[in-house]
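query_25.tsv (TSV, C-alpha atoms) appears below.
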chain	number	residue	atom	x	y	z
A	293	MET	CA	-2.75	28.56	27.08
A	294	LYS	CA	-4.19	25.16	27.92
A	295	LYS	CA	-6.79	25.44	25.15
A	296	PHE	CA	-4.13	26.38	22.62
A	297	LEU	CA	-1.91	23.44	23.60
A	298	ARG	CA	-4.92	21.17	23.44
A	299	PHE	CA	-5.73	22.42	19.94
A	300	ILE	CA	-2.13	21.78	18.82
A	301	ALA	CA	-2.28	18.25	20.29
A	302	ALA	CA	-5.52	17.57	18.37
A	303	VAL	CA	-4.08	18.83	15.06
A	304	LEU	CA	-0.91	16.79	15.54
A	305	ALA	CA	-3.02	13.73	16.39
A	306	PHE	CA	-4.79	14.04	13.02
A	307	GLU	CA	-1.51	14.41	11.13
A	308	VAL	CA	0.26	11.59	12.98
A	309	PHE	CA	-2.73	9.31	12.49
A	310	LEU	CA	-2.63	9.94	8.72
A	311	ALA	CA	1.09	9.14	8.71
A	312	PHE	CA	0.33	6.04	10.80
A	313	LEU	CA	-2.21	4.85	8.21
A	314	LEU	CA	0.29	5.27	5.37
A	315	VAL	CA	3.18	3.61	7.20
A	316	THR	CA	0.91	0.77	8.37
A	317	THR	CA	-0.08	0.20	4.74
A	318	ILE	CA	3.56	0.09	3.69
A	319	ARG	CA	4.64	-2.15	6.55
A	320	PHE	CA	1.84	-4.72	6.52
A	321	GLN	CA	0.89	-4.64	2.82
A	322	ILE	CA	3.37	-3.06	0.39
A	323	LEU	CA	6.34	-4.83	2.02
A	324	SER	CA	4.48	-8.13	2.40
A	325	THR	CA	5.02	-10.90	-0.15
A	326	ASN	CA	1.60	-12.42	0.60
A	327	PHE	CA	-0.13	-9.11	-0.16
A	328	TRP	CA	1.28	-8.97	-3.70
A	329	ILE	CA	1.07	-12.67	-4.46
A	330	GLU	CA	-2.56	-12.99	-3.30
A	331	ASN	CA	-3.68	-9.88	-5.19
A	332	LEU	CA	-1.92	-10.87	-8.41
A	333	ARG	CA	-3.53	-14.32	-8.22
A	334	LYS	CA	-7.03	-12.84	-8.31
A	335	GLU	CA	-9.06	-13.76	-11.36
A	336	GLY	CA	-8.05	-12.02	-14.56
A	337	VAL	CA	-5.09	-10.05	-13.16
A	338	TYR	CA	-2.30	-12.08	-14.75
A	339	GLY	CA	-4.28	-12.25	-18.00
A	340	GLN	CA	-4.52	-8.44	-18.18
A	341	VAL	CA	-0.89	-7.96	-17.13
A	342	GLY	CA	0.18	-10.41	-19.83
A	343	LYS	CA	-1.89	-8.49	-22.37
A	344	ALA	CA	-0.21	-5.22	-21.35
A	345	LEU	CA	3.27	-6.75	-21.64
A	346	LYS	CA	2.50	-8.18	-25.07
A	347	VAL	CA	1.24	-4.81	-26.32
A	348	SER	CA	4.36	-3.07	-24.98
A	349	LEU	CA	6.76	-5.70	-26.35
A	350	ARG	CA	5.06	-5.72	-29.76
A	351	GLN	CA	5.37	-1.93	-29.99
A	352	GLN	CA	9.04	-2.07	-29.00
A	353	LEU	CA	9.88	-4.82	-31.51
A	354	ARG	CA	8.25	-2.88	-34.34
A	355	LYS	CA	10.19	0.22	-33.33
A	356	ASN	CA	13.44	-1.76	-33.21
A	357	TYR	CA	12.76	-3.12	-36.71
A	358	GLU	CA	12.27	0.39	-38.11
A	359	GLU	CA	15.45	1.67	-36.43
A	360	GLU	CA	17.60	-1.28	-37.58
A	361	THR	CA	16.35	-1.41	-41.17
A	362	GLY	CA	15.49	2.24	-41.71
A	363	VAL	CA	12.23	1.09	-43.32
A	364	GLY	CA	8.86	2.20	-41.99
A	365	LEU	CA	6.15	-0.41	-41.44
A	366	GLU	CA	3.82	1.41	-43.81
A	367	SER	CA	6.37	0.82	-46.62
A	368	LEU	CA	6.25	-2.99	-46.24
A	369	THR	CA	4.24	-5.19	-48.56
A	370	VAL	CA	1.45	-7.33	-47.16
A	371	ARG	CA	3.68	-10.40	-47.33
A	372	GLU	CA	6.63	-8.67	-45.61
A	373	ARG	CA	4.37	-7.27	-42.93
A	374	SER	CA	2.89	-10.73	-42.37
A	375	ARG	CA	6.35	-12.27	-41.94
A	376	LEU	CA	7.37	-9.55	-39.54
A	377	GLU	CA	4.25	-10.10	-37.45
A	378	GLU	CA	4.94	-13.85	-37.37
A	379	GLU	CA	8.43	-13.21	-35.97
A	380	ILE	CA	7.04	-10.77	-33.44
A	381	ASN	CA	4.37	-13.27	-32.36
A	382	LYS	CA	7.03	-15.92	-31.78
A	383	ILE	CA	8.55	-13.65	-29.16
A	384	THR	CA	5.35	-12.28	-27.60
A	385	ASN	CA	3.89	-15.80	-27.33
A	386	ILE	CA	6.62	-16.54	-24.80
A	387	ILE	CA	4.55	-14.48	-22.36
A	388	THR	CA	2.02	-16.90	-20.88
A	389	THR	CA	-0.01	-16.69	-17.68
A	390	GLU	CA	1.97	-19.53	-16.12
A	391	ARG	CA	5.37	-18.02	-16.92
A	392	LEU	CA	4.24	-14.58	-15.85
A	393	GLN	CA	3.04	-15.92	-12.50
A	394	ASP	CA	6.26	-17.89	-12.00
A	395	PHE	CA	8.37	-14.83	-12.89
A	396	SER	CA	6.34	-12.39	-10.75
A	397	GLU	CA	6.03	-14.43	-7.58
A	398	ASN	CA	9.68	-15.50	-7.47
A	399	ASN	CA	10.85	-11.94	-8.05
A	400	ILE	CA	8.45	-10.56	-5.43
A	401	VAL	CA	9.92	-12.94	-2.86
A	402	GLN	CA	13.53	-12.12	-3.76
A	403	ILE	CA	13.08	-8.35	-4.07
A	404	LEU	CA	11.18	-8.00	-0.79
A	405	ALA	CA	13.72	-10.23	0.97
A	406	PHE	CA	16.34	-7.62	0.04
A	407	VAL	CA	14.12	-4.62	0.90
A	408	ASN	CA	13.16	-6.14	4.28
A	409	GLY	CA	16.80	-6.81	5.19
A	410	GLN	CA	16.62	-10.60	4.90
A	411	GLU	CA	19.17	-10.63	2.05
A	412	GLU	CA	22.33	-8.54	1.81
A	413	LYS	CA	22.28	-8.57	-1.99
A	414	LEU	CA	19.47	-8.12	-4.49
A	415	TYR	CA	18.73	-11.17	-6.61
A	416	LEU	CA	16.34	-11.44	-9.55
A	417	TYR	CA	14.62	-14.48	-10.96
A	418	LEU	CA	15.67	-14.52	-14.65
A	419	PRO	CA	15.95	-18.12	-15.90
A	420	LEU	CA	15.86	-17.25	-19.61
A	421	SER	CA	16.78	-20.80	-20.62
A	422	LYS	CA	13.39	-21.97	-19.26
A	423	TRP	CA	11.39	-19.50	-21.33
A	424	GLU	CA	12.07	-20.97	-24.79
A	425	LEU	CA	13.50	-17.80	-26.27
A	426	PRO	CA	14.51	-17.94	-29.95
A	427	SER	CA	18.09	-19.18	-30.27
A	428	ILE	CA	19.18	-15.94	-31.99
A	429	TYR	CA	18.50	-14.08	-28.73
A	430	LEU	CA	20.03	-16.71	-26.45
A	431	GLN	CA	23.30	-16.50	-28.40
A	432	ARG	CA	23.65	-12.83	-27.42
A	433	ILE	CA	23.29	-13.55	-23.71
A	434	PRO	CA	26.40	-14.30	-21.60
A	435	PRO	CA	26.22	-17.91	-20.32
A	436	ASN	CA	25.23	-18.45	-16.67
A	437	LEU	CA	24.40	-14.76	-16.24
A	438	PHE	CA	20.61	-15.09	-16.23
A	439	THR	CA	19.61	-17.68	-13.62
A	440	GLU	CA	17.01	-18.22	-10.91
A	441	ARG	CA	19.21	-16.10	-8.59
A	442	THR	CA	20.81	-13.43	-10.73
A	443	GLU	CA	22.79	-10.96	-8.60
A	444	VAL	CA	21.83	-7.48	-9.79
A	445	ASN	CA	25.21	-5.79	-9.26
A	446	GLU	CA	26.89	-8.56	-11.24
A	447	LEU	CA	24.27	-8.16	-13.95
A	448	ILE	CA	24.93	-4.41	-14.15
A	449	ASP	CA	28.70	-4.98	-14.39
A	450	ASN	CA	28.32	-7.50	-17.22
A	451	LEU	CA	25.79	-5.57	-19.27
A	452	GLY	CA	27.67	-2.30	-18.95
A	453	GLY	CA	26.14	0.87	-20.38
A	454	ASP	CA	25.21	4.03	-18.52
A	455	VAL	CA	23.95	2.81	-15.13
A	456	GLY	CA	24.27	6.17	-13.35
A	457	ASN	CA	23.64	5.89	-9.61
A	458	THR	CA	21.86	2.54	-9.86
A	459	LYS	CA	24.15	0.78	-7.40
A	460	GLU	CA	23.82	3.62	-4.88
A	461	LEU	CA	20.04	3.51	-5.23
A	462	LEU	CA	20.00	-0.25	-4.65
A	463	ALA	CA	22.18	0.14	-1.56
A	464	ASN	CA	19.67	2.65	-0.14
A	465	ILE	CA	16.71	0.36	-0.83
A	466	GLY	CA	18.33	-2.60	0.95
A	467	GLY	CA	16.96	-2.94	4.49
A	468	LEU	CA	14.36	-0.20	3.94
A	469	GLY	CA	11.74	-2.41	5.60
A	470	LEU	CA	13.67	-2.31	8.89
A	471	ILE	CA	13.53	1.49	8.86
A	472	VAL	CA	9.79	1.39	8.12
A	473	ASN	CA	9.29	-0.90	11.14
A	474	LYS	CA	11.02	1.62	13.42
A	475	ILE	CA	9.00	4.53	12.01
A	476	TRP	CA	5.79	2.57	12.60
A	477	ILE	CA	6.72	2.01	16.25
A	478	TYR	CA	7.57	5.72	16.72
A	479	LEU	CA	4.26	6.80	15.15
A	480	THR	CA	2.29	4.36	17.32
A	481	VAL	CA	3.91	5.74	20.47
A	482	ALA	CA	3.41	9.33	19.23
A	483	ILE	CA	-0.34	8.79	18.73
A	484	PHE	CA	-0.82	7.48	22.27
A	485	VAL	CA	1.29	10.31	23.74
A	486	LEU	CA	-0.68	12.98	21.85
A	487	LEU	CA	-4.02	11.48	22.86
A	488	PHE	CA	-2.89	11.27	26.48
A	489	LEU	CA	-1.77	14.93	26.42
A	490	TYR	CA	-5.10	15.92	24.87
A	491	TYR	CA	-6.86	14.02	27.67
A	492	LEU	CA	-4.79	15.67	30.43
A	493	LEU	CA	-5.26	19.19	29.02
A	494	GLY	CA	-9.05	18.89	29.08
A	495	SER	CA	-11.33	19.85	31.96
A	496	ILE	CA	-11.65	17.12	34.58
A	497	LEU	CA	-15.37	16.52	34.01
A	498	GLU	CA	-15.13	16.50	30.19
A	499	ARG	CA	-11.85	14.63	29.58
A	500	VAL	CA	-13.27	11.25	28.63
A	501	LYS	CA	-16.01	12.71	26.41
A	502	SER	CA	-13.71	15.14	24.59
A	503	LEU	CA	-11.18	12.38	23.93
A	504	GLY	CA	-13.97	10.20	22.55
A	505	ILE	CA	-15.18	13.02	20.28
A	506	LEU	CA	-11.63	13.54	18.99
A	507	LEU	CA	-11.35	9.82	18.20
A	508	ILE	CA	-14.70	9.91	16.38
A	509	LYS	CA	-13.52	12.89	14.29
A	510	ILE	CA	-10.27	11.10	13.44
A	511	SER	CA	-12.18	7.97	12.40
A	512	ILE	CA	-14.56	10.01	10.21
A	513	PHE	CA	-11.52	11.64	8.58
A	514	SER	CA	-9.94	8.26	7.81
A	515	LEU	CA	-13.27	6.86	6.57
A	516	ALA	CA	-13.50	9.83	4.17
A	517	LEU	CA	-9.99	8.98	2.91
A	518	SER	CA	-11.13	5.39	2.37
A	519	GLY	CA	-14.06	6.68	0.34
A	520	PHE	CA	-11.68	8.77	-1.77
A	521	LEU	CA	-9.55	5.68	-2.43
A	522	LYS	CA	-12.72	3.82	-3.45
A	523	VAL	CA	-13.44	6.49	-6.07
A	524	ILE	CA	-9.92	6.09	-7.47
A	525	SER	CA	-10.30	2.29	-7.50
A	526	ASN	CA	-13.59	2.54	-9.41
A	527	TYR	CA	-11.98	4.89	-11.93
A	528	PHE	CA	-9.21	2.38	-12.70
A	529	ALA	CA	-11.68	-0.52	-12.79
A	530	SER	CA	-13.99	1.24	-15.24
A	531	GLY	CA	-11.11	2.45	-17.41
A	532	SER	CA	-9.71	-1.06	-17.86
A	533	PHE	CA	-12.57	-1.89	-20.25
A	534	TYR	CA	-11.57	0.63	-22.92
A	535	TRP	CA	-7.89	1.41	-22.27
A	536	ARG	CA	-5.60	0.15	-25.00
A	537	GLU	CA	-2.13	1.49	-24.12
A	538	ALA	CA	0.20	-0.96	-22.37
A	539	THR	CA	0.67	1.20	-19.26
A	540	GLN	CA	-3.07	1.83	-18.97
A	541	ILE	CA	-3.89	-1.87	-19.25
A	542	PHE	CA	-1.24	-2.73	-16.64
A	543	VAL	CA	-2.48	-0.12	-14.15
A	544	GLY	CA	-6.12	-1.02	-14.82
A	545	ALA	CA	-5.38	-4.66	-14.02
A	546	ILE	CA	-3.40	-4.18	-10.81
A	547	ALA	CA	-4.58	-0.89	-9.24
A	548	PRO	CA	-8.21	-1.82	-8.36
A	549	THR	CA	-7.31	-5.02	-6.52
A	550	ILE	CA	-4.38	-3.39	-4.68
A	551	ILE	CA	-6.41	-0.32	-3.66
A	552	SER	CA	-9.35	-2.49	-2.53
A	553	ASP	CA	-7.12	-4.35	-0.07
A	554	ILE	CA	-5.69	-1.08	1.24
A	555	ILE	CA	-9.25	0.22	1.74
A	556	LYS	CA	-10.11	-2.89	3.78
A	557	LEU	CA	-7.17	-2.26	6.12
A	558	TRP	CA	-8.08	1.42	6.53
A	559	LEU	CA	-11.72	0.53	7.22
A	560	ILE	CA	-10.69	-1.94	9.94
A	561	ILE	CA	-8.47	0.65	11.64
A	562	SER	CA	-11.06	3.45	11.24
A	563	THR	CA	-13.89	1.31	12.59
A	564	GLY	CA	-11.78	0.33	15.60
A	565	VAL	CA	-11.01	3.98	16.39
A	566	LEU	CA	-14.69	4.91	15.91
A	567	LEU	CA	-15.85	2.22	18.33
A	568	VAL	CA	-13.32	3.31	20.97
A	569	GLY	CA	-14.48	6.93	20.53
A	570	VAL	CA	-18.17	6.03	20.87
A	571	PHE	CA	-17.39	3.87	23.90
A	572	ALA	CA	-15.55	6.79	25.54
A	573	VAL	CA	-18.49	9.15	24.99
A	574	VAL	CA	-21.02	6.59	26.30
A	575	LEU	CA	-18.77	5.91	29.29
A	576	HIS	CA	-18.62	9.63	30.07
A	577	TYR	CA	-22.42	9.96	30.21
A	578	ALA	CA	-22.74	6.73	32.18
A	579	ILE	CA	-20.24	7.97	34.75
A	580	ALA	CA	-21.85	11.43	34.82
A	581	ARG	CA	-25.28	9.99	35.57
A	582	SER	CA	-23.86	7.63	38.13
A	583	ARG	CA	-22.03	10.46	39.92
A	584	PHE	CA	-25.14	12.66	39.93
A	585	LYS	CA	-27.22	9.85	41.35
A	586	ASN	CA	-24.79	8.69	43.99
A	587	TYR	CA	-23.11	11.91	45.08
A	588	PHE	CA	-25.69	14.65	44.56
A	589	VAL	CA	-29.14	13.10	44.84
A	590	GLN	CA	-28.54	10.71	47.72
A	591	PRO	CA	-26.45	13.08	49.90
A	592	GLY	CA	-29.12	15.74	49.39
A	593	ARG	CA	-31.82	13.34	50.48
A	594	ILE	CA	-29.79	12.36	53.56
A	595	GLY	CA	-29.31	16.05	54.43
A	596	ILE	CA	-33.04	16.69	54.10
A	597	MET	CA	-33.77	13.70	56.34
A	598	PHE	CA	-31.39	14.99	59.07
A	599	SER	CA	-32.91	18.49	58.93
A	600	ARG	CA	-36.44	17.08	59.26
A	601	LYS	CA	-35.38	15.04	62.32
A	602	ARG	CA	-33.90	18.14	63.97
A	603	GLN	CA	-37.07	20.12	63.23
A	604	SER	CA	-39.24	17.38	64.77
A	605	LYS	CA	-37.12	17.38	67.92
In structure tokens, how does this file's structure come out?
Amino acid sequence: MKKFLRFIAAVLAFEVFLAFLLVTTIRFQILSTNFWIENLRKEGVYGQVGKALKVSLRQQLRKNYEEETGVGLESLTVRERSRLEEEINKITNIITTERLQDFSENNIVQILAFVNGQEEKLYLYLPLSKWELPSIYLQRIPPNLFTERTEVNELIDNLGGDVGNTKELLANIGGLGLIVNKIWIYLTVAIFVLLFLYYLLGSILERVKSLGILLIKISIFSLALSGFLKVISNYFASGSFYWREATQIFVGAIAPTIISDIIKLWLIISTGVLLVGVFAVVLHYAIARSRFKNYFVQPGRIGIMFSRKRQSK
């Protein structure tokens, strides 16, 4: 029965540790403004993201033109096509690295403030008046609606349309970071409890060593997961050279740098667990040798000495 319970504790320790890795990543990276801002500021990221947005916007504007006029692009003359492209470029040229960085970083701060429970309402950074949009588009926008702190619920109410359960979804997202913090604490406690149970259920002479071996196995498992993430990161990094679709360019720009930082965190945690496991195994053998020397060899020698004295008498 003890062996079975010990096996269950070991399996649960693996599963809880995996959950701990994921929740730690969410808590200290995904929900951290510095994590996103620092990764997006890495060389070439904003340039590639801007390229992806321009490709997507250009495709959408061409589609809108065909739907509004009922004329396909292939039917246009060279001169008409040239004029259309000029108008499209006027809009896509609004997307610059500086504006993209300003837009991204301010929205990251405001969105995560809401998700982490620091703000009761969700605000977006949408100062359209600063972005030099063509006047024809600005005329369609309600005044004072798009600002540096645009309240999302107010934006939804003004724009109308089919919003579905958007407001409900936003309400559920608000304060999500506080729940993640609690889950992280519960998982941390659960890991220590499971490891302690595994230790207690082992044989007295092998407890320290078996706990160390379990920790080494867990660390190897998490290191293997880190290696798998590295393969995924390399795939996205290599694909970014020949991908042409907007979504592919966007993912190829952001995914490698994000995944690389996650790998670093997992490697730090895995290495720490590995070192503790190795230390436990070394400690076991050190104690075992010390016990043998002090409690078996020396008492035996003392017993032999007393028997020889008795024989001599």
Which one of A:Ile329, A:Ile386, A:Ala580, A:Val485 sits closest to Asn398 of chain A if you count all atoms listed in the file? A:Ile329
One decimal, in Å: what's the spacing between atom CA of Val303 of chain A and atom CA of Tyr577 of chain A? 25.4 Å
Can you pull out every residue within 12 Å of Ala463 of chain A, counting only C-alpha atoms, but drop anything in the same chain fewer than 5 positions away, and send it as a list of chain:residue names? A:Phe406, A:Val407, A:Gly409, A:Glu411, A:Glu412, A:Lys413, A:Leu414, A:Val444, A:Asn445, A:Asn457, A:Thr458, A:Leu468
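Going from atom CA of Asn464 of chain A over to atom CA of Val308 of chain A, you cover 25.1 Å.
Atom CA of Leu368 of chain A is found 15.0 Å from atom CA of Ile380 of chain A.
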Selection near segment 498-511 of chain A, 12 Å with all atoms listed in the file, sequence-local residues under 3 positions removed, as number ranges by chain: A: 298-299, 301-310, 313, 483-484, 486-495, 514-518, 558-580
Save out the residues we just selected, C-alpha atoms, as a compact mmCIF listing (two decimals), keeping the file's coordinate frame.
# COMPACT_ATOMS: atom_id res chain seq x y z
CA ARG A 298 -4.92 21.17 23.44
CA PHE A 299 -5.73 22.42 19.94
CA ALA A 301 -2.28 18.25 20.29
CA ALA A 302 -5.52 17.57 18.37
CA VAL A 303 -4.08 18.83 15.06
CA LEU A 304 -0.91 16.79 15.54
CA ALA A 305 -3.02 13.73 16.39
CA PHE A 306 -4.79 14.04 13.02
CA GLU A 307 -1.51 14.41 11.13
CA VAL A 308 0.26 11.59 12.98
CA PHE A 309 -2.73 9.31 12.49
CA LEU A 310 -2.63 9.94 8.72
CA LEU A 313 -2.21 4.85 8.21
CA ILE A 483 -0.34 8.79 18.73
CA PHE A 484 -0.82 7.48 22.27
CA LEU A 486 -0.68 12.98 21.85
CA LEU A 487 -4.02 11.48 22.86
CA PHE A 488 -2.89 11.27 26.48
CA LEU A 489 -1.77 14.93 26.42
CA TYR A 490 -5.10 15.92 24.87
CA TYR A 491 -6.86 14.02 27.67
CA LEU A 492 -4.79 15.67 30.43
CA LEU A 493 -5.26 19.19 29.02
CA GLY A 494 -9.05 18.89 29.08
CA SER A 495 -11.33 19.85 31.96
CA SER A 514 -9.94 8.26 7.81
CA LEU A 515 -13.27 6.86 6.57
CA ALA A 516 -13.50 9.83 4.17
CA LEU A 517 -9.99 8.98 2.91
CA SER A 518 -11.13 5.39 2.37
CA TRP A 558 -8.08 1.42 6.53
CA LEU A 559 -11.72 0.53 7.22
CA ILE A 560 -10.69 -1.94 9.94
CA ILE A 561 -8.47 0.65 11.64
CA SER A 562 -11.06 3.45 11.24
CA THR A 563 -13.89 1.31 12.59
CA GLY A 564 -11.78 0.33 15.60
CA VAL A 565 -11.01 3.98 16.39
CA LEU A 566 -14.69 4.91 15.91
CA LEU A 567 -15.85 2.22 18.33
CA VAL A 568 -13.32 3.31 20.97
CA GLY A 569 -14.48 6.93 20.53
CA VAL A 570 -18.17 6.03 20.87
CA PHE A 571 -17.39 3.87 23.90
CA ALA A 572 -15.55 6.79 25.54
CA VAL A 573 -18.49 9.15 24.99
CA VAL A 574 -21.02 6.59 26.30
CA LEU A 575 -18.77 5.91 29.29
CA HIS A 576 -18.62 9.63 30.07
CA TYR A 577 -22.42 9.96 30.21
CA ALA A 578 -22.74 6.73 32.18
CA ILE A 579 -20.24 7.97 34.75
CA ALA A 580 -21.85 11.43 34.82
Do you know which residues are at most 9 Å from segment 347-350 of chain A counting all atoms listed in the file, after dropping those on the same chain fewer than 5 positions away, and could you put them as a VMD selection string? chain A and resid 342 355 377 380 to 381 383 to 384 536 to 539
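The nearest approach to Arg391 of chain A among the residues A:Tyr338, A:Leu404, A:Leu353, A:Lys556, with all atoms listed in the file taken into account, belongs to A:Tyr338.
Across A:Leu497, A:Ser582, A:Val481, A:Arg333, the tightest approach to Phe312 of chain A is made by A:Val481 when counting only C-alpha atoms.
Shortest separation to Gly469 of chain A among A:Glu366, A:Ser324, A:Ser374, A:Leu297 occurs at residue A:Ser324, atoms counted being only C-alpha atoms.
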So, counting only C-alpha atoms, which residue among A:Gly466, A:Val363, A:Lys346, A:Leu447 is closest to Ile403 of chain A? A:Gly466
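With distances restricted to all atoms listed in the file, A:Ile546 is the closest residue to Glu335 of chain A from A:Val472, A:Leu461, A:Leu479, A:Ile546.
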Grab all the atoms of segment 416-425 of chain A that the file lists, wrap them in a box along x, y and z, add 5 Å per side, and give me centre plus edge lengths in Å (one decimal) as AutoDock Vina command-line options.
--center_x 14.1 --center_y -16.7 --center_z -17.9 --size_x 15.4 --size_y 20.5 --size_z 26.7
